[in-house]
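Enquirer: Provided below: start15.txt, containing compact mmCIF, N, CA and C atoms.
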# COMPACT_ATOMS: atom_id res chain seq x y z
N MET A 623 -15.63 90.56 -33.86
CA MET A 623 -16.65 89.72 -34.46
C MET A 623 -18.05 90.25 -34.16
N SER A 624 -18.28 90.68 -32.88
CA SER A 624 -19.62 91.17 -32.56
C SER A 624 -19.94 92.45 -33.32
N GLN A 625 -18.93 93.30 -33.53
CA GLN A 625 -19.20 94.54 -34.27
C GLN A 625 -19.62 94.22 -35.70
N ILE A 626 -18.97 93.24 -36.30
CA ILE A 626 -19.33 92.85 -37.67
C ILE A 626 -20.78 92.35 -37.69
N LEU A 627 -21.12 91.49 -36.75
CA LEU A 627 -22.49 90.95 -36.72
C LEU A 627 -23.51 92.02 -36.37
N LEU A 628 -23.13 92.95 -35.52
CA LEU A 628 -24.05 94.03 -35.13
C LEU A 628 -24.38 94.92 -36.32
N VAL A 629 -23.47 95.01 -37.26
CA VAL A 629 -23.73 95.77 -38.49
C VAL A 629 -24.45 94.90 -39.51
N MET A 630 -24.03 93.65 -39.64
CA MET A 630 -24.57 92.80 -40.70
C MET A 630 -25.99 92.29 -40.43
N PHE A 631 -26.34 92.01 -39.18
CA PHE A 631 -27.70 91.54 -38.91
C PHE A 631 -28.76 92.58 -39.30
N PRO A 632 -28.63 93.86 -38.88
CA PRO A 632 -29.63 94.83 -39.32
C PRO A 632 -29.67 94.98 -40.84
N PHE A 633 -28.51 94.89 -41.48
CA PHE A 633 -28.48 94.97 -42.95
C PHE A 633 -29.18 93.76 -43.56
N ALA A 634 -28.94 92.58 -43.02
CA ALA A 634 -29.60 91.36 -43.52
C ALA A 634 -31.11 91.44 -43.30
N ILE A 635 -31.53 91.98 -42.16
CA ILE A 635 -32.97 92.15 -41.89
C ILE A 635 -33.57 93.11 -42.91
N GLU A 636 -32.86 94.20 -43.18
CA GLU A 636 -33.34 95.18 -44.17
C GLU A 636 -33.52 94.51 -45.54
N LEU A 637 -32.53 93.77 -45.99
CA LEU A 637 -32.63 93.10 -47.29
C LEU A 637 -33.76 92.07 -47.30
N ALA A 638 -33.92 91.35 -46.20
CA ALA A 638 -35.00 90.36 -46.12
C ALA A 638 -36.37 91.04 -46.17
N LEU A 639 -36.50 92.18 -45.49
CA LEU A 639 -37.78 92.91 -45.53
C LEU A 639 -38.07 93.43 -46.94
N LYS A 640 -37.04 93.89 -47.64
CA LYS A 640 -37.24 94.37 -49.01
C LYS A 640 -37.58 93.20 -49.94
N SER A 641 -37.02 92.04 -49.69
CA SER A 641 -37.37 90.85 -50.47
C SER A 641 -38.81 90.44 -50.19
N LEU A 642 -39.22 90.53 -48.93
CA LEU A 642 -40.60 90.21 -48.58
C LEU A 642 -41.55 91.19 -49.27
N TRP A 643 -41.16 92.45 -49.31
CA TRP A 643 -41.96 93.46 -50.03
C TRP A 643 -42.18 93.00 -51.48
N ASP A 644 -41.10 92.54 -52.13
CA ASP A 644 -41.19 92.10 -53.52
C ASP A 644 -42.15 90.92 -53.71
N CYS A 645 -42.37 90.15 -52.66
CA CYS A 645 -43.32 89.04 -52.76
C CYS A 645 -44.76 89.54 -52.93
N PHE A 646 -45.05 90.71 -52.43
CA PHE A 646 -46.43 91.21 -52.44
C PHE A 646 -46.65 92.41 -53.35
N HIS A 647 -45.60 92.91 -53.98
CA HIS A 647 -45.68 94.09 -54.82
C HIS A 647 -44.92 93.83 -56.12
N GLN A 648 -44.97 94.81 -56.99
CA GLN A 648 -44.18 94.73 -58.20
C GLN A 648 -42.70 94.75 -57.82
N ALA A 649 -41.93 93.85 -58.40
CA ALA A 649 -40.51 93.74 -58.05
C ALA A 649 -39.79 95.07 -58.21
N GLY A 650 -38.95 95.38 -57.24
CA GLY A 650 -38.14 96.59 -57.30
C GLY A 650 -38.83 97.86 -56.87
N THR A 651 -40.06 97.75 -56.36
CA THR A 651 -40.79 98.97 -55.98
C THR A 651 -40.75 99.23 -54.48
N TYR A 652 -39.89 98.52 -53.76
CA TYR A 652 -39.81 98.70 -52.31
C TYR A 652 -39.36 100.11 -51.96
N ASP A 653 -39.64 100.49 -50.75
CA ASP A 653 -39.24 101.78 -50.23
C ASP A 653 -37.72 101.81 -50.11
N HIS A 654 -37.08 102.80 -50.69
CA HIS A 654 -35.62 102.88 -50.68
C HIS A 654 -35.11 103.59 -49.43
N ARG A 655 -35.51 103.06 -48.31
CA ARG A 655 -35.03 103.61 -47.03
C ARG A 655 -34.46 102.48 -46.21
N HIS A 656 -33.86 102.85 -45.07
CA HIS A 656 -33.21 101.86 -44.22
C HIS A 656 -33.97 101.58 -42.94
N ASP A 657 -35.02 102.32 -42.64
CA ASP A 657 -35.75 102.18 -41.38
C ASP A 657 -36.48 100.84 -41.34
N LEU A 658 -35.98 99.95 -40.48
CA LEU A 658 -36.54 98.60 -40.41
C LEU A 658 -38.02 98.61 -40.04
N ASP A 659 -38.39 99.46 -39.09
CA ASP A 659 -39.79 99.48 -38.66
C ASP A 659 -40.71 99.94 -39.79
N VAL A 660 -40.30 100.95 -40.54
CA VAL A 660 -41.14 101.45 -41.64
C VAL A 660 -41.23 100.39 -42.73
N LEU A 661 -40.11 99.74 -43.04
CA LEU A 661 -40.14 98.69 -44.06
C LEU A 661 -41.11 97.58 -43.67
N PHE A 662 -41.09 97.19 -42.40
CA PHE A 662 -41.99 96.13 -41.94
C PHE A 662 -43.44 96.60 -41.94
N GLN A 663 -43.68 97.79 -41.41
CA GLN A 663 -45.05 98.30 -41.29
C GLN A 663 -45.72 98.51 -42.65
N THR A 664 -44.94 98.80 -43.68
CA THR A 664 -45.54 99.13 -44.98
C THR A 664 -45.60 97.95 -45.95
N ILE A 665 -45.26 96.75 -45.50
CA ILE A 665 -45.32 95.59 -46.40
C ILE A 665 -46.72 95.43 -46.99
N ASP A 666 -47.75 95.78 -46.24
CA ASP A 666 -49.11 95.60 -46.75
C ASP A 666 -49.63 96.82 -47.53
N ARG A 667 -48.88 97.91 -47.55
CA ARG A 667 -49.34 99.12 -48.25
C ARG A 667 -49.36 98.89 -49.75
N ASP A 668 -50.51 99.06 -50.36
CA ASP A 668 -50.69 98.90 -51.81
C ASP A 668 -50.25 97.54 -52.33
N ALA A 669 -50.31 96.53 -51.49
CA ALA A 669 -49.93 95.18 -51.92
C ALA A 669 -50.95 94.63 -52.91
N ALA A 670 -50.49 93.77 -53.81
CA ALA A 670 -51.40 93.13 -54.76
C ALA A 670 -52.43 92.31 -54.00
N ASP A 671 -52.01 91.67 -52.92
CA ASP A 671 -52.90 90.91 -52.05
C ASP A 671 -52.67 91.40 -50.62
N VAL A 672 -53.43 92.41 -50.22
CA VAL A 672 -53.25 93.03 -48.91
C VAL A 672 -53.43 92.01 -47.79
N GLY A 673 -54.40 91.12 -47.94
CA GLY A 673 -54.64 90.10 -46.92
C GLY A 673 -53.43 89.20 -46.71
N ALA A 674 -52.81 88.77 -47.80
CA ALA A 674 -51.63 87.90 -47.69
C ALA A 674 -50.46 88.66 -47.06
N ALA A 675 -50.33 89.93 -47.41
CA ALA A 675 -49.24 90.74 -46.85
C ALA A 675 -49.44 90.94 -45.35
N ARG A 676 -50.67 91.21 -44.94
CA ARG A 676 -50.96 91.37 -43.51
C ARG A 676 -50.77 90.06 -42.75
N LEU A 677 -51.15 88.97 -43.40
CA LEU A 677 -50.95 87.65 -42.78
C LEU A 677 -49.45 87.40 -42.55
N ALA A 678 -48.62 87.77 -43.51
CA ALA A 678 -47.17 87.59 -43.37
C ALA A 678 -46.65 88.42 -42.19
N GLN A 679 -47.14 89.65 -42.06
CA GLN A 679 -46.73 90.48 -40.93
C GLN A 679 -47.13 89.82 -39.61
N GLU A 680 -48.35 89.32 -39.55
CA GLU A 680 -48.82 88.67 -38.32
C GLU A 680 -48.05 87.39 -38.03
N GLN A 681 -47.70 86.65 -39.07
CA GLN A 681 -46.92 85.42 -38.87
C GLN A 681 -45.55 85.75 -38.29
N ALA A 682 -44.94 86.82 -38.77
CA ALA A 682 -43.63 87.23 -38.24
C ALA A 682 -43.77 87.64 -36.77
N ARG A 683 -44.83 88.38 -36.46
CA ARG A 683 -45.06 88.79 -35.06
C ARG A 683 -45.29 87.57 -34.17
N ASP A 684 -46.08 86.61 -34.66
CA ASP A 684 -46.37 85.40 -33.89
C ASP A 684 -45.10 84.58 -33.65
N LEU A 685 -44.27 84.46 -34.67
CA LEU A 685 -43.02 83.73 -34.55
C LEU A 685 -42.11 84.38 -33.51
N TRP A 686 -42.02 85.70 -33.55
CA TRP A 686 -41.23 86.47 -32.57
C TRP A 686 -41.74 86.18 -31.16
N GLN A 687 -43.06 86.23 -31.00
CA GLN A 687 -43.67 86.01 -29.69
C GLN A 687 -43.42 84.57 -29.20
N GLU A 688 -43.43 83.64 -30.13
CA GLU A 688 -43.15 82.24 -29.79
C GLU A 688 -41.72 82.09 -29.26
N PHE A 689 -40.77 82.70 -29.94
CA PHE A 689 -39.38 82.67 -29.47
C PHE A 689 -39.25 83.34 -28.11
N GLN A 690 -39.99 84.42 -27.91
CA GLN A 690 -39.97 85.11 -26.62
C GLN A 690 -40.49 84.21 -25.51
N SER A 691 -41.60 83.56 -25.77
CA SER A 691 -42.19 82.70 -24.74
C SER A 691 -41.29 81.51 -24.41
N GLU A 692 -40.43 81.13 -25.36
CA GLU A 692 -39.49 80.04 -25.11
C GLU A 692 -38.21 80.55 -24.45
N GLY A 693 -38.14 81.86 -24.20
CA GLY A 693 -36.97 82.45 -23.55
C GLY A 693 -35.75 82.57 -24.44
N LYS A 694 -35.95 82.60 -25.75
CA LYS A 694 -34.82 82.67 -26.68
C LYS A 694 -34.49 84.10 -27.11
N ILE A 695 -35.25 85.06 -26.57
CA ILE A 695 -35.02 86.47 -26.89
C ILE A 695 -34.91 87.23 -25.57
N ASP A 696 -33.91 88.07 -25.47
CA ASP A 696 -33.76 88.91 -24.27
C ASP A 696 -34.64 90.15 -24.33
N TYR A 697 -34.89 90.65 -25.54
CA TYR A 697 -35.69 91.86 -25.72
C TYR A 697 -37.11 91.59 -25.25
N GLN A 698 -37.66 92.47 -24.45
CA GLN A 698 -38.98 92.23 -23.85
C GLN A 698 -40.16 92.78 -24.65
N GLY A 699 -39.89 93.60 -25.66
CA GLY A 699 -40.97 94.19 -26.44
C GLY A 699 -41.41 93.32 -27.61
N THR A 700 -42.33 93.86 -28.38
CA THR A 700 -42.85 93.17 -29.56
C THR A 700 -41.85 93.26 -30.71
N LEU A 701 -42.13 92.52 -31.76
CA LEU A 701 -41.29 92.59 -32.97
C LEU A 701 -41.31 94.01 -33.51
N ASP A 702 -42.47 94.64 -33.54
CA ASP A 702 -42.59 96.01 -34.04
C ASP A 702 -41.72 96.97 -33.21
N GLU A 703 -41.73 96.78 -31.90
CA GLU A 703 -40.93 97.64 -31.02
C GLU A 703 -39.43 97.38 -31.22
N PHE A 704 -39.06 96.12 -31.42
CA PHE A 704 -37.65 95.79 -31.67
C PHE A 704 -37.19 96.46 -32.96
N LEU A 705 -38.00 96.36 -34.00
CA LEU A 705 -37.64 96.97 -35.28
C LEU A 705 -37.57 98.50 -35.16
N ALA A 706 -38.46 99.09 -34.36
CA ALA A 706 -38.41 100.55 -34.15
C ALA A 706 -37.16 100.94 -33.36
N THR A 707 -36.83 100.17 -32.34
CA THR A 707 -35.65 100.45 -31.52
C THR A 707 -34.37 100.36 -32.34
N HIS A 708 -34.34 99.42 -33.27
CA HIS A 708 -33.13 99.19 -34.05
C HIS A 708 -33.32 99.58 -35.52
N ALA A 709 -34.25 100.51 -35.77
CA ALA A 709 -34.63 100.89 -37.12
C ALA A 709 -33.47 101.30 -38.00
N ARG A 710 -32.52 102.04 -37.46
CA ARG A 710 -31.44 102.58 -38.27
C ARG A 710 -30.07 102.10 -37.80
N ASP A 711 -30.02 100.97 -37.15
CA ASP A 711 -28.75 100.45 -36.64
C ASP A 711 -27.71 100.27 -37.73
N PHE A 712 -28.11 99.77 -38.88
CA PHE A 712 -27.14 99.57 -39.96
C PHE A 712 -26.50 100.90 -40.36
N VAL A 713 -27.32 101.90 -40.56
CA VAL A 713 -26.83 103.21 -40.99
C VAL A 713 -25.97 103.84 -39.90
N GLU A 714 -26.38 103.70 -38.67
CA GLU A 714 -25.70 104.40 -37.58
C GLU A 714 -24.48 103.67 -37.02
N THR A 715 -24.34 102.38 -37.27
CA THR A 715 -23.20 101.66 -36.67
C THR A 715 -22.14 101.24 -37.67
N ARG A 716 -22.37 101.42 -38.94
CA ARG A 716 -21.42 100.85 -39.90
C ARG A 716 -20.09 101.59 -39.97
N TYR A 717 -20.01 102.83 -39.46
CA TYR A 717 -18.77 103.59 -39.58
C TYR A 717 -18.10 103.94 -38.26
N TYR A 718 -18.60 103.47 -37.14
CA TYR A 718 -17.94 103.87 -35.89
C TYR A 718 -17.59 102.65 -35.06
N GLU A 719 -16.70 102.87 -34.15
CA GLU A 719 -16.24 101.79 -33.29
C GLU A 719 -17.18 101.63 -32.09
N LEU A 720 -17.58 100.41 -31.82
CA LEU A 720 -18.48 100.17 -30.69
C LEU A 720 -17.74 100.27 -29.37
N LYS A 721 -18.44 100.73 -28.37
CA LYS A 721 -17.89 100.78 -27.02
C LYS A 721 -18.50 99.62 -26.24
N PRO A 722 -17.80 99.06 -25.27
CA PRO A 722 -18.32 97.90 -24.51
C PRO A 722 -19.70 98.14 -23.91
N ALA A 723 -20.03 99.36 -23.52
CA ALA A 723 -21.32 99.65 -22.90
C ALA A 723 -22.47 99.54 -23.89
N GLU A 724 -22.15 99.48 -25.18
CA GLU A 724 -23.19 99.44 -26.20
C GLU A 724 -23.50 98.01 -26.63
N PHE A 725 -23.20 97.05 -25.77
CA PHE A 725 -23.44 95.65 -26.08
C PHE A 725 -24.92 95.38 -26.34
N VAL A 726 -25.20 94.67 -27.39
CA VAL A 726 -26.57 94.32 -27.77
C VAL A 726 -26.60 92.80 -27.93
N GLN A 727 -27.70 92.19 -27.55
CA GLN A 727 -27.85 90.75 -27.70
C GLN A 727 -27.98 90.40 -29.19
N LEU A 728 -26.94 89.81 -29.74
CA LEU A 728 -26.95 89.46 -31.15
C LEU A 728 -28.00 88.39 -31.45
N ASN A 729 -28.29 87.55 -30.47
CA ASN A 729 -29.29 86.52 -30.67
C ASN A 729 -30.65 87.12 -31.03
N ASP A 730 -30.98 88.27 -30.45
CA ASP A 730 -32.26 88.92 -30.76
C ASP A 730 -32.32 89.31 -32.24
N PHE A 731 -31.19 89.79 -32.77
CA PHE A 731 -31.13 90.12 -34.20
C PHE A 731 -31.27 88.87 -35.06
N ALA A 732 -30.63 87.79 -34.63
CA ALA A 732 -30.70 86.53 -35.38
C ALA A 732 -32.15 86.04 -35.43
N VAL A 733 -32.86 86.13 -34.32
CA VAL A 733 -34.26 85.70 -34.28
C VAL A 733 -35.12 86.61 -35.17
N CYS A 734 -34.89 87.90 -35.10
CA CYS A 734 -35.63 88.84 -35.93
C CYS A 734 -35.42 88.51 -37.41
N PHE A 735 -34.17 88.28 -37.79
CA PHE A 735 -33.85 87.91 -39.17
C PHE A 735 -34.58 86.62 -39.55
N PHE A 736 -34.55 85.63 -38.67
CA PHE A 736 -35.21 84.36 -38.94
C PHE A 736 -36.71 84.56 -39.15
N CYS A 737 -37.34 85.43 -38.35
CA CYS A 737 -38.78 85.67 -38.46
C CYS A 737 -39.16 86.14 -39.86
N VAL A 738 -38.30 86.96 -40.47
CA VAL A 738 -38.59 87.45 -41.82
C VAL A 738 -38.19 86.41 -42.87
N VAL A 739 -37.02 85.82 -42.71
CA VAL A 739 -36.54 84.85 -43.69
C VAL A 739 -37.45 83.62 -43.73
N PHE A 740 -38.00 83.22 -42.60
CA PHE A 740 -38.92 82.09 -42.57
C PHE A 740 -40.12 82.35 -43.47
N LEU A 741 -40.63 83.58 -43.48
CA LEU A 741 -41.76 83.92 -44.34
C LEU A 741 -41.35 83.88 -45.81
N LEU A 742 -40.14 84.31 -46.10
CA LEU A 742 -39.65 84.26 -47.48
C LEU A 742 -39.48 82.82 -47.96
N ALA A 743 -39.05 81.95 -47.05
CA ALA A 743 -38.79 80.55 -47.41
C ALA A 743 -40.04 79.89 -47.97
N GLY A 744 -41.19 80.22 -47.42
CA GLY A 744 -42.43 79.63 -47.90
C GLY A 744 -42.84 80.13 -49.27
N ARG A 745 -42.30 81.30 -49.65
CA ARG A 745 -42.65 81.89 -50.94
C ARG A 745 -41.61 81.60 -52.01
N ASP A 746 -40.41 81.21 -51.60
CA ASP A 746 -39.34 80.93 -52.55
C ASP A 746 -38.49 79.77 -52.03
N PRO A 747 -39.07 78.56 -52.00
CA PRO A 747 -38.37 77.41 -51.41
C PRO A 747 -37.07 77.05 -52.12
N ALA A 748 -36.97 77.32 -53.42
CA ALA A 748 -35.75 76.96 -54.14
C ALA A 748 -34.57 77.78 -53.62
N SER A 749 -34.77 79.07 -53.42
CA SER A 749 -33.69 79.92 -52.90
C SER A 749 -33.34 79.53 -51.47
N PHE A 750 -34.35 79.22 -50.68
CA PHE A 750 -34.10 78.82 -49.30
C PHE A 750 -33.32 77.51 -49.27
N SER A 751 -33.67 76.61 -50.18
CA SER A 751 -32.96 75.35 -50.30
C SER A 751 -31.48 75.60 -50.60
N ASN A 752 -31.20 76.53 -51.50
CA ASN A 752 -29.81 76.86 -51.84
C ASN A 752 -29.10 77.46 -50.64
N LEU A 753 -29.79 78.27 -49.88
CA LEU A 753 -29.21 78.89 -48.69
C LEU A 753 -28.77 77.82 -47.69
N LEU A 754 -29.61 76.82 -47.51
CA LEU A 754 -29.31 75.75 -46.57
C LEU A 754 -28.41 74.67 -47.16
N GLY A 755 -28.29 74.66 -48.49
CA GLY A 755 -27.47 73.65 -49.13
C GLY A 755 -28.12 72.29 -49.17
N ARG A 756 -29.42 72.24 -49.09
CA ARG A 756 -30.12 70.96 -49.15
C ARG A 756 -31.52 71.18 -49.72
N THR A 757 -32.20 70.11 -49.99
CA THR A 757 -33.52 70.20 -50.58
C THR A 757 -34.59 70.38 -49.51
N VAL A 758 -35.51 71.30 -49.77
CA VAL A 758 -36.69 71.46 -48.93
C VAL A 758 -37.89 71.18 -49.83
N PRO A 759 -39.03 70.87 -49.26
CA PRO A 759 -40.20 70.57 -50.11
C PRO A 759 -40.44 71.68 -51.13
N GLY A 760 -40.50 71.29 -52.39
CA GLY A 760 -40.74 72.25 -53.47
C GLY A 760 -39.45 72.94 -53.92
N GLY A 761 -38.35 72.68 -53.25
CA GLY A 761 -37.09 73.31 -53.61
C GLY A 761 -36.21 72.37 -54.40
N ARG A 762 -35.00 72.81 -54.66
CA ARG A 762 -34.06 71.96 -55.35
C ARG A 762 -32.71 72.05 -54.65
N PRO A 763 -31.90 71.04 -54.76
CA PRO A 763 -30.61 71.06 -54.06
C PRO A 763 -29.67 72.11 -54.64
N LYS A 764 -28.72 72.50 -53.82
CA LYS A 764 -27.71 73.45 -54.24
C LYS A 764 -26.88 72.82 -55.36
N SER A 765 -26.66 73.59 -56.42
CA SER A 765 -25.87 73.04 -57.53
C SER A 765 -24.44 73.44 -57.45
Could I get this file's structure written as structure tokens?
Expert:
Amino acid sequence: MSQILLVMFPFAIELALKSLWDCFHQAGTYDHRHDLDVLFQTIDRDAADVGAARLAQEQARDLWQEFQSEGKIDYQGTLDEFLATHARDFVETRYYELKPAEFVQLNDFAVCFFCVVFLLAGRDPASFSNLLGRTVPGGRPKS
């Protein structure tokens, strides 16, 4: 189970970052790479609204720091450092068997994913509502 999640969380983070990119750029123009840190760092590059894109990056960093201060993350570095450390985890772990010594705190990945998805939720409440299966302000219930 942990191996599945260790592969799927980085992949989910990658897709969420590419979706966030689409919020600030022309749809489908995201960088076609897997490096989580580069995807996050370039969200503001050539954005239609650079200020809004930078604000989203800062909000994700602040949310990460908030979870850290509450002791909900084992990783001691910043969100940027976490993304750099795990930049290519999806690519590098999807085809090999994990060894016990390579244990990673899955909760840290869950929090990282949440930091990005939370930003998307504010920009697309209807989809977030469907994800949760309930209505959120401005959203609609799952059909």
Enquirer: Would you compute the distance between CA of Ala675 in chain A and CA of His708 in chain A? Give it in Å to one decimal.
Expert: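 These atoms are spaced 22.2 Å apart.
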Enquirer: Have a look at CA of Gln679 in chain A and CA of Asp746 in chain A and let me know their distance in Å, one decimal.
Expert: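 Result for CA of Gln679 in chain A versus CA of Asp746 in chain A: 16.8 Å, one decimal.
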Enquirer: Can you tell me how far CA of Asp671 in chain A sits from CA of Ala649 in chain A, in Å to one decimal?
Expert: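 Straight-line distance from CA of Asp671 in chain A to CA of Ala649 in chain A works out to 14.1 Å.
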Enquirer: Check the smallest atom-to-atom distance from each of A:Trp686, A:Phe704, A:Phe736, A:Phe712 to Glu636 in chain A using only C-alpha atoms, then report the winner.
Expert: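 Distance minimum relative to Glu636 in chain A lands on A:Phe712.
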Enquirer: So which residues touch range 623-629 of chain A within 7 Å, counting only C-alpha atoms, skipping near sequence neighbours fewer than 6 positions away, as an MDAnalysis selection string?
Expert: chainID A and resid 712 715:716 720 728
Enquirer: Nearest to Ala706 in chain A: which of A:Ala669, A:Val660, A:Val739, A:Ala732 is it, counting all atoms listed in the file?
Expert: A:Val660
Enquirer: Counting only C-alpha atoms, figure out which residue out of A:His656, A:Thr664, A:Glu680, A:Glu703 gets nearest to Ile635 in chain A.
Expert: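 Once distances to Ile635 in chain A are computed over only C-alpha atoms, the minimum belongs to A:His656.
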Enquirer: Counting only N, CA and C atoms, what is within 8 Å of range 688-695 of chain A, bar same-chain residues fewer than 6 positions away, as a PyMOL selection string?
Expert: chain A and resi 682+729-731+733
Enquirer: Using all atoms listed in the file, determine which residues lie at most 6.5 Å from Tyr652 in chain A, disregarding the query and same-chain residues fewer than 5 positions distant; provide the list as an MDAnalysis selection string.
Expert: chainID A and resid 640 643:644
Enquirer: Within 8 Å of Asp702 in chain A, counting only N, CA and C atoms, which residues show up once you throw out same-chain ones fewer than 6 positions away? Write them as a PyMOL selection string, please.
Expert: chain A and resi 658-659+662-663+682-683+708
Enquirer: Write the residues of the selection above to a file with N, CA and C atoms, as a short mmCIF file (atom, residue, chain, number, x, y, z; two decimals), in the frame of the given file.
Expert:
data_model
loop_
_atom_site.label_atom_id
_atom_site.label_comp_id
_atom_site.auth_asym_id
_atom_site.auth_seq_id
_atom_site.Cartn_x
_atom_site.Cartn_y
_atom_site.Cartn_z
N LEU A 658 -35.98 99.95 -40.48
CA LEU A 658 -36.54 98.60 -40.41
C LEU A 658 -38.02 98.61 -40.04
N ASP A 659 -38.39 99.46 -39.09
CA ASP A 659 -39.79 99.48 -38.66
C ASP A 659 -40.71 99.94 -39.79
N PHE A 662 -41.09 97.19 -42.40
CA PHE A 662 -41.99 96.13 -41.94
C PHE A 662 -43.44 96.60 -41.94
N GLN A 663 -43.68 97.79 -41.41
CA GLN A 663 -45.05 98.30 -41.29
C GLN A 663 -45.72 98.51 -42.65
N ALA A 682 -44.94 86.82 -38.77
CA ALA A 682 -43.63 87.23 -38.24
C ALA A 682 -43.77 87.64 -36.77
N ARG A 683 -44.83 88.38 -36.46
CA ARG A 683 -45.06 88.79 -35.06
C ARG A 683 -45.29 87.57 -34.17
N HIS A 708 -34.34 99.42 -33.27
CA HIS A 708 -33.13 99.19 -34.05
C HIS A 708 -33.32 99.58 -35.52
#
